[in-house]
Amino acid sequence: MEQNNETDNGYFVLLGFSDQPQLEFILFVVVLVSYLLTIVGNSAIILVSLLDPKLQTPMYFFLTNLSFIDLGFTTSIVPQLLWNLKGPSKTITWTGCVIQLYVSLSLGSTECVLLTIMAFDRYVAVCKPLNYTTIMHPSFCKALAGVAWMSGVGNTLIQSTITLRLPRCGHYRLQNFFCEVPVLVKLACVNIHANEVQLFVATLVLILIPMLLILFSYGLIVKAVIKLKSAQAWRKALGTCGSHLIVVSFFFGTSMVIYIKPQKYYGYVEGKYLTLFYTVVTPTLNPLIYTLRNKDVKGALRRLFRREPSA
């Protein structure tokens with residue numbers, strides 16, 4: 001990638017919410033609080049999942065991976081966003097933009113696949129409980145997690161590299177608060193039809209297909225629970241799957257709108273707020289949803305903080 005194919009000035013301007021300066025201080029506070037909650041909440045889940053023997057199960061193994069992803073994803077975006085919200089400077093260096101693009105796209109793509117794997121884990125837990133430990137063997141779980149991480153890395157190597165190689169003819173003003181494929185593609189001064197097709201295919205593979213697989217998994221779960229005709233079974237299934245389904249709805253719901261909308265709509269005000277929701281708010285909500293709705297995690301947190309020091 002050559003510098004003349006990047007920007008003439010060696011930096012990008014992240015316009016973000018500069019068209020609404022009266023909201024920037026409020027957004028700064030909201031984003032800062034959300035980021036701190038993300039760090040605390042996801043770190044707590046990682047800590048209890050690793051230290052509590054009762055949480056050494058496939059579900060919490062995948063949840064730990066999800067927490068790592070959310071921590072990395074928000075950290076690749078939020079510090080730069082906070083810096084730009086607090087003052088008149090809205091710039092990001094070329095190197096910073098490249099790192100942000102590769103890291104955020106890699107982790108976001110990994111999360112799409114991981115959430116699908118977690119839906120499969122819930123399907124096995126509810127529909128095949130007697131075979132659960134046999135099917136969800138630790139080595140198999142690690143292989144599934146590896147597939148999720150490799151798919152994310154592979155996607156960002158392809159998409160980000162292709163996007164960064166587009167000639168921009170000196171254009172450097174991004175209609176967003178972080179470096180993302182759709183807004184970077186929009187800067188190109190050449191025909192981008194092939195890039196739009198490539199972006200659509202990636203969206204199909206990493207967002208639409210996973211979402212359909214998740215819905216299919218939950219369809220099988222609902223079918224299995226209906227056959228039992230038991231209110232207790234419904235409550236157990238809801239307790240097992242409810243948290244994951246809420247997380248899926250938040251993450252996929254907003255990201256689908258952003259990536260499936262026609263390219264000409266990228267960068268509009270509503271798009272920025274939807275992007276803010278799935279990049280900043282959703283990673284904050286994930287640990288809250290899992291802890292507030294999960295007796296195992298709440299019990300593990302109590303045991304962790306009540307543990308007496310060794311003599």
# chains A, B, ... in the order shown; residues from 1 in each chain; ligands from 1
$ select_by_dssp --residues "stretch 60-271 of chain A" --states "alpha helix (DSSP H)" --output "PyMOL selection string"
chain A and resi 60-75+78-86+94-127+132-135+138-164+181-186+193-203+209-228+231-260+269-271
$ residues_around --residues "A:Thr95" --least-positions-apart "6" --cutoff "10 Å" --atoms "only C-alpha atoms" --output "ChimeraX atom specification"
/A:10-12,101
$ closest_residue --among "A:Phe178, A:Phe61, A:Tyr273, A:Phe200" --to "A:Thr75" --atoms "only C-alpha atoms"
A:Phe178
$ closest_atom_pairs --of "stretch 102-152 of chain A" --to "stretch 33-56 of chain A" --cutoff "12 Å" --atoms "only C-alpha atoms" --output "CSV"
residue,atom,partner,partner_atom,distance
A:Thr133,CA,A:Gln56,CA,11.9
A:His137,CA,A:Gln56,CA,11.8
A:Pro138,CA,A:Gln56,CA,9.7
A:Cys141,CA,A:Gln56,CA,12.0
$ atom_distance --atom1 "atom CA of A:His244" --atom2 "atom CA of A:Leu82"
29.1 Å
$ closest_residue --among "A:Ser18, A:Ser249, A:Asn65, A:Asn195" --to "A:Gln159" --atoms "only C-alpha atoms"
A:Asn195
$ residues_around --residues "stretch 180-192 of chain A" --least-positions-apart "2" --cutoff "8 Å" --atoms "only C-alpha atoms" --output "number ranges by chain"
A: 101, 105, 159-160, 163-164, 166-169, 171-176, 178, 194-196, 259, 263, 266-267
$ closest_residue --among "A:Phe305, A:Leu107, A:Phe177, A:Leu204" --to "A:Gly271" --atoms "only C-alpha atoms"
A:Phe177
$ atom_distance --atom1 "atom CA of A:Ile214" --atom2 "atom CA of A:Ile77"
27.1 Å
